[in-house]
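Have a look at the structure below before the remarks.
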Amino acid sequence: MNDTEGLTQEEDQILCQFKEITDYDSTNDDEHAKVLRLLTVCNWNLETAIARFFDNDFPHLFDDHLLDTSGHINEPISTNFEEIATRLNDPPINLMSTPFSNDILLPRLPRALPITNKWKFQAGLISKNQPRFQYHGIISPIIFILMIIPNILIFLGYGLNKLFGNFAPNLFRILGLREDEDDLPVAPLYTSSEEIENYNVGKLVLTADEKPSLPVWKGEFNAAFEEAKINYKWLCVILFNSESSSAEKLLDFVKSENFRSFVEKNDIILYLGDVSYPEPLEVGKLYQAFGLPYLALISNISVDGLSAPEFAIACKYLHFTRHDTDRIIKRLNHIVSKYEPQLVSQRFDKQERDLAKLIREEQDNAYQESLLKDMERENQKQRKLEEKRKAQEALEAEIERKRVFETKRKEKIIRYINDSYTRDDNVWSKGEYTTIQFRTEDGQRFIRKFHQDETVNDIYNFVASKNLIEELLKDEDNDDVQNVLTKLRKYEYEFEIEDDLIKFEFELISAMPRLKLQPSTKLIKDLKEIWPNGSLLIEKAYEEEYDVDEDDVDTDHSL
């Protein structure tokens with residue numbers, strides 16, 4: 001059974017919402033423990049935890065000893081404020097020099113992610129009508145009890161707020177130990193389309209001659225994110241609240257000569273955002289900027305430089321204007337110097353890939369250009385031949401040629417009908433003939449005996465004759481075959497007998513054994529597939545229209 005004891009009502013509610021959205025297996029104790037660890041590392045920020053869950057980005061097992069199964073910290077809280085501040089602002093130490101060096105034990109930098117479009121559409125993963133945490137009536141007695149606690153506990157509360165207020169702002173806000181001015185707002189102040197369109201944070205860094213003192217990114221955050229990620233640059237994210245008194249100190253910091261030199265020297269993409277507007281506020285929520293002003297330095301790096309790099313946060317500062325400006329710039333330069341060799345190596349690899357890609361593209365373009373020229377020359381040649389052919393041929397000659405061809409084919413079939421269609425096969429002795437059953441595609445069947453001295457051409461001629469008789473029966477609206485045969489005997493031939501043409505419009509196929517007969521002068525008795533009996537399926541031959549050029553006539557099978 002999953003252990004959820006020790007969770008507050010708000011945490012339990014967030015856990016339920018997480019399960020509804022991700023549908024993870026809560027009956028699996030290991031899976032449940034991983035989810036609790038993920039929510040705790042994400043400071044119970046539901047959207048950040050969901051994004052990391054679907055990216056399969058669970059915290060490394062290196063931090064497991066700090067958490068119990070309910071996701072709470074078991075390690076005793078340090079009272080060394082300077083040590084804690086250093087741990088919050090500095091990047092993780094390199095453990096490669098320790099005797100327990102291992103990829104699994106190495107800490108990972110916090111992963112950097114692009115924001116969603118929730119700030120644009122005002123619709124996220126959670127319904128706007130979701131139940132919100134309500135403070136119950138029991139809070140009032142608690143506050144009353146706290147009012148009578150000695151002042152030393154109040155001072156202790158203020159001290160804890162200075163250290164941990166950025167990670168649990170709501171808790172200290174309830175106790176009255178925290179000001180709202182430098183906290184991340186719950187909702188943006190400016191939400192109308194007109195206000196968002198007129199949003200231009202770059203104007204805050206304009207000089208007296210209205211020229212920007214800093215190269216502030218002018219587009220959306222995700223565009224700056226992709227630019228830094230693709231080109232292996234540093235992304236510096238600075239968030240502030242223009243409605244707070246700390247905004248003026250922030251502007252003094254970003255306009256300082258040291259910071260400007262730091263940005264320009266390292267070719268840093270600077271994203272400056274006012275959390276009074278939707279997009280910067282969404283950035284602040286994703287990157288847990290609970291204390292403003294907020295600064296984060298992001299790039300595609302790894303802790304040790306040996307493992308696979310990923311887009312991660314190298315360092316971040318909360319309320320950073322309260323610290324010494326020179327010390328912060330010095331620390332940022334130290335971080336850049338430490339990880340810059342990784343980025344230089346990645347940029348060099350990218351240049352090699354881009355160069356190889358460019359060479360391939362140039363080769364492909366040259367080949368395609370040559371191919372197009374060859375095709376154009378061939379097309380011109382074909383067009384000239386086609387124009388010459390069309391000039392030589394007359395429409396009347398083409399129609400006449402087709403008519404002659406069809407007439408000759410018909411007359412050859414009629415000659416076969418008059419000569420051989422009707423015959424007395426009763427005088428044939430057994431062994432002198434084969435009996436063949438014919439089946440058409442529409443299911444009709446008929447039987448015909450063929451003498452051993454007849455050829456495959458005779459079989460084709462018979463089927464062609466059968467088809468012609470059937471067509472004449474339909475055209476004359478008469479079902480008497482004898483009448484049709486009588487009329488065909490009186491047919492006046494237009495052409496003399498010619499041993500040329502004829503191309504049949506059907507194929508004869510034996511199913512068992514499999515055989516496709518080809519018109520020829522081969523004797524029937526030599527074909528064991530249809531001797532002394534057989535079955536043939538008549539199928540229509542799907543071929544191109546027969547060309548009646550005289551050069552092609554000689555290649556056709558004769559009847």
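Ordering of the structure tokens sets the chain letters (A, B, ...), residue numbers begin anew at 1 in every chain, and ligands are numbered from 1 in the order given.
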What's around Ile329 in chain A at 10 Å? Count only C-alpha atoms, leave out sequence neighbours fewer than 4 positions away in its own chain, and write the answer as a list in words.
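Counting only C-alpha atoms, the residues come to Phe253, Asn258, Phe259, Ser261, Phe262, Asp324, Thr325, Asn333, His334 and Ile335 of chain A.
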Any chance you can output those residues with N, CA, C and O atoms as a compact mmCIF listing (two decimals), in the first residue's frame?
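Full text of part.txt as output:
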# COMPACT_ATOMS: atom_id res chain seq x y z
N PHE A 253 21.94 47.20 -11.98
CA PHE A 253 22.85 46.06 -12.14
C PHE A 253 23.07 45.74 -13.62
O PHE A 253 24.20 45.56 -14.07
N ASN A 258 30.32 46.37 -15.81
CA ASN A 258 30.81 45.01 -15.61
C ASN A 258 29.86 43.98 -16.25
O ASN A 258 30.31 43.03 -16.89
N PHE A 259 28.56 44.17 -16.04
CA PHE A 259 27.61 43.21 -16.59
C PHE A 259 27.57 43.31 -18.12
O PHE A 259 27.49 42.31 -18.82
N SER A 261 29.97 44.23 -20.08
CA SER A 261 31.19 43.60 -20.58
C SER A 261 31.08 42.08 -20.52
O SER A 261 31.52 41.38 -21.44
N PHE A 262 30.47 41.56 -19.45
CA PHE A 262 30.29 40.12 -19.30
C PHE A 262 29.41 39.55 -20.41
O PHE A 262 29.73 38.52 -21.02
N ASP A 324 26.69 41.61 -3.43
CA ASP A 324 27.66 42.50 -4.06
C ASP A 324 27.69 42.26 -5.56
O ASP A 324 27.86 41.12 -6.01
N THR A 325 27.51 43.32 -6.36
CA THR A 325 27.44 43.19 -7.81
C THR A 325 28.74 42.63 -8.38
O THR A 325 28.74 41.73 -9.22
N ASN A 333 31.55 34.96 -14.31
CA ASN A 333 32.71 34.76 -15.19
C ASN A 333 33.42 33.46 -14.87
O ASN A 333 33.92 32.76 -15.77
N HIS A 334 33.45 33.11 -13.59
CA HIS A 334 34.07 31.84 -13.19
C HIS A 334 33.29 30.65 -13.75
O HIS A 334 33.89 29.68 -14.25
N ILE A 335 31.95 30.73 -13.68
CA ILE A 335 31.12 29.65 -14.22
C ILE A 335 31.33 29.51 -15.73
O ILE A 335 31.50 28.40 -16.26
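In this model, the gap between CA of Lys249 in chain A and CA of Pro212 in chain A comes to 18.0 Å.
In this model, the gap between CA of Lys19 in chain A and CA of Ala187 in chain A comes to 24.9 Å.
We find CA of Arg353 in chain A and CA of Asn365 in chain A to be spaced 18.0 Å apart.
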Test item, helix (DSSP H, G or I) assignment across range 308-480 of chain A, answer as number ranges by chain:
A: 320-322, 325-392, 395-421, 456-475
Within 12 Å of Asn200 in chain A using only C-alpha atoms, minus same-chain residues under 6 positions, as a list in words
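So, after excluding close chain neighbours, the residues are Leu206, Val216, Trp217, Lys218, Gly219, Glu220, Tyr271, Leu272, Gly273, Asp274, Tyr277 and Pro280 of chain A.
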For each of A:Ile417, A:Leu537, A:Ile530, A:Leu343, take the minimum atom-to-atom distance to Phe438 in chain A, counting only C-alpha atoms, then give the residue where this is smallest.
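The shortest atom-to-atom distance to Phe438 in chain A comes from A:Leu537.
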Polymer residues at most 6 Å from range 303-312 of chain A, only C-alpha atoms, same-chain spacing of 3 or more positions, as JSON, numbers by chain:
{"A": [109, 110, 111, 112, 298, 299, 300]}
Output all heavy atoms for every residue in that selection, as a short mmCIF file (atom, residue, chain, number, x, y, z; two decimals), in the first residue's frame.
data_model
loop_
_atom_site.label_atom_id
_atom_site.label_comp_id
_atom_site.auth_asym_id
_atom_site.auth_seq_id
_atom_site.Cartn_x
_atom_site.Cartn_y
_atom_site.Cartn_z
N LEU A 109 23.17 18.73 -13.13
CA LEU A 109 22.70 20.11 -13.10
C LEU A 109 21.19 20.14 -13.32
O LEU A 109 20.65 19.30 -14.05
CB LEU A 109 23.40 20.92 -14.19
CG LEU A 109 24.92 21.08 -14.02
CD1 LEU A 109 25.49 21.74 -15.26
CD2 LEU A 109 25.24 21.91 -12.79
N PRO A 110 20.51 21.10 -12.72
CA PRO A 110 19.05 21.20 -12.95
C PRO A 110 18.77 21.37 -14.43
O PRO A 110 19.40 22.19 -15.12
CB PRO A 110 18.65 22.44 -12.14
CG PRO A 110 19.73 22.63 -11.13
CD PRO A 110 20.98 22.12 -11.78
N ARG A 111 17.84 20.60 -14.94
CA ARG A 111 17.55 20.63 -16.36
C ARG A 111 16.76 21.88 -16.74
O ARG A 111 15.85 22.29 -16.02
CB ARG A 111 16.75 19.38 -16.74
CG ARG A 111 16.56 19.22 -18.24
CD ARG A 111 15.84 17.94 -18.52
NE ARG A 111 15.63 17.76 -19.95
CZ ARG A 111 14.95 16.76 -20.48
NH1 ARG A 111 14.41 15.85 -19.71
NH2 ARG A 111 14.80 16.65 -21.79
N ALA A 112 17.09 22.47 -17.87
CA ALA A 112 16.37 23.63 -18.40
C ALA A 112 15.40 23.19 -19.47
O ALA A 112 15.75 22.38 -20.34
CB ALA A 112 17.35 24.66 -18.96
N ILE A 298 22.26 29.47 -18.22
CA ILE A 298 21.86 28.18 -18.79
C ILE A 298 22.68 27.90 -20.05
O ILE A 298 22.96 28.82 -20.83
CB ILE A 298 20.36 28.18 -19.15
CG1 ILE A 298 19.52 28.53 -17.92
CG2 ILE A 298 19.92 26.86 -19.73
CD1 ILE A 298 18.06 28.76 -18.23
N SER A 299 23.04 26.63 -20.23
CA SER A 299 23.70 26.23 -21.47
C SER A 299 23.72 24.71 -21.57
O SER A 299 23.28 24.01 -20.66
CB SER A 299 25.12 26.79 -21.56
OG SER A 299 25.62 26.67 -22.88
N ASN A 300 24.27 24.22 -22.68
CA ASN A 300 24.32 22.78 -22.95
C ASN A 300 25.62 22.21 -22.38
O ASN A 300 26.63 22.11 -23.07
CB ASN A 300 24.24 22.53 -24.46
CG ASN A 300 23.86 21.10 -24.78
OD1 ASN A 300 22.77 20.66 -24.42
ND2 ASN A 300 24.74 20.39 -25.45
#
